[in-house]
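The next block is target08.txt, given as compact mmCIF, C-alpha atoms.
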```
# COMPACT_ATOMS: atom_id res chain seq x y z
CA MET A 71 59.34 0.18 47.39
CA VAL A 72 56.02 -0.79 45.88
CA THR A 73 56.22 -2.97 42.79
CA GLY A 74 53.25 -2.35 40.52
CA GLY A 75 52.73 0.89 42.43
CA TYR A 76 51.19 2.74 39.52
CA SER A 77 48.13 0.54 38.91
CA GLY A 78 45.44 -1.32 40.79
CA LEU A 79 46.14 -2.29 44.39
CA GLY A 80 49.74 -1.15 44.08
CA LEU A 81 48.57 2.38 43.24
CA GLU A 82 46.23 2.39 46.22
CA THR A 83 49.07 1.14 48.43
CA THR A 84 51.33 3.91 47.11
CA ARG A 85 48.66 6.53 47.82
CA ALA A 86 48.10 5.22 51.36
CA LEU A 87 51.83 5.20 52.14
CA VAL A 88 52.27 8.75 50.81
CA LYS A 89 49.26 9.90 52.84
CA ALA A 90 50.90 8.37 55.92
CA GLY A 91 54.07 10.36 55.20
CA ALA A 92 56.23 7.62 53.70
CA ARG A 93 58.66 8.17 50.86
CA VAL A 94 57.85 5.61 48.17
CA LEU A 95 59.96 4.19 45.35
CA VAL A 96 57.99 2.72 42.46
CA PRO A 97 59.88 0.72 39.82
CA ALA A 98 58.10 0.73 36.46
CA ARG A 99 58.27 -1.11 33.15
CA ARG A 100 56.22 1.69 31.63
CA PRO A 101 57.73 4.89 33.08
CA GLU A 102 55.48 7.19 31.02
CA LEU A 103 52.33 5.61 32.43
CA ALA A 104 53.76 5.57 35.94
CA HIS A 105 54.65 9.26 35.69
CA GLU A 106 51.14 10.04 34.42
CA ARG A 107 49.56 8.28 37.41
CA LEU A 108 52.07 9.24 40.11
CA GLY A 109 53.33 12.65 39.03
CA HIS A 110 50.91 14.53 41.28
CA LEU A 111 51.93 12.65 44.45
CA SER A 112 54.62 14.02 46.73
CA ASN A 113 57.18 11.66 48.29
CA VAL A 114 57.16 9.33 45.28
CA THR A 115 60.57 8.83 43.74
CA GLU A 116 60.50 9.18 39.97
CA PRO A 117 59.89 5.78 38.40
CA PHE A 118 62.77 3.96 36.74
CA PRO A 119 62.86 1.01 34.31
CA THR A 120 62.88 -2.40 36.00
CA CYS A 121 65.40 -3.66 33.46
CA LEU A 122 68.23 -2.12 35.48
CA CYS A 123 70.81 -4.58 36.71
CA TRP A 124 70.51 -5.18 40.49
CA SER A 125 73.73 -7.20 40.83
CA GLY A 126 75.61 -4.26 42.35
CA VAL A 127 72.90 -3.39 44.86
```
Taking this structure as input, can you express it in the form of structure tokens?
Amino acid sequence: MVTGGYSGLGLETTRALVKAGARVLVPARRPELAHERLGHLSNVTEPFPTCLCWSGV
């Protein structure tokens, strides 16, 4: 999981992890922007809103 994985250093981290063969989960407050920037990468799980409740996780 890379928080902020669709901009700046987080995006570069996501790209490096995908290049190394990792499967990456990127939570996003702005899913449309995240999809625009990450949609072409394989092994990136579709972004989801960070407002989800984590109490059951």
Do you know which residues are at most 7 Å from region 77-93 of chain A counting all atoms listed in the file, after dropping those on the same chain fewer than 3 positions away, and could you put them as a list in words? Val72, Thr73, Gly74, Asn113 and Val114 of chain A
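Between CA of Ser112 (chain A) and CA of Met71 (chain A) there is a distance of 14.6 Å.
For the pair CA of Tyr76 (chain A) and CA of Arg99 (chain A), the separation is 10.3 Å.
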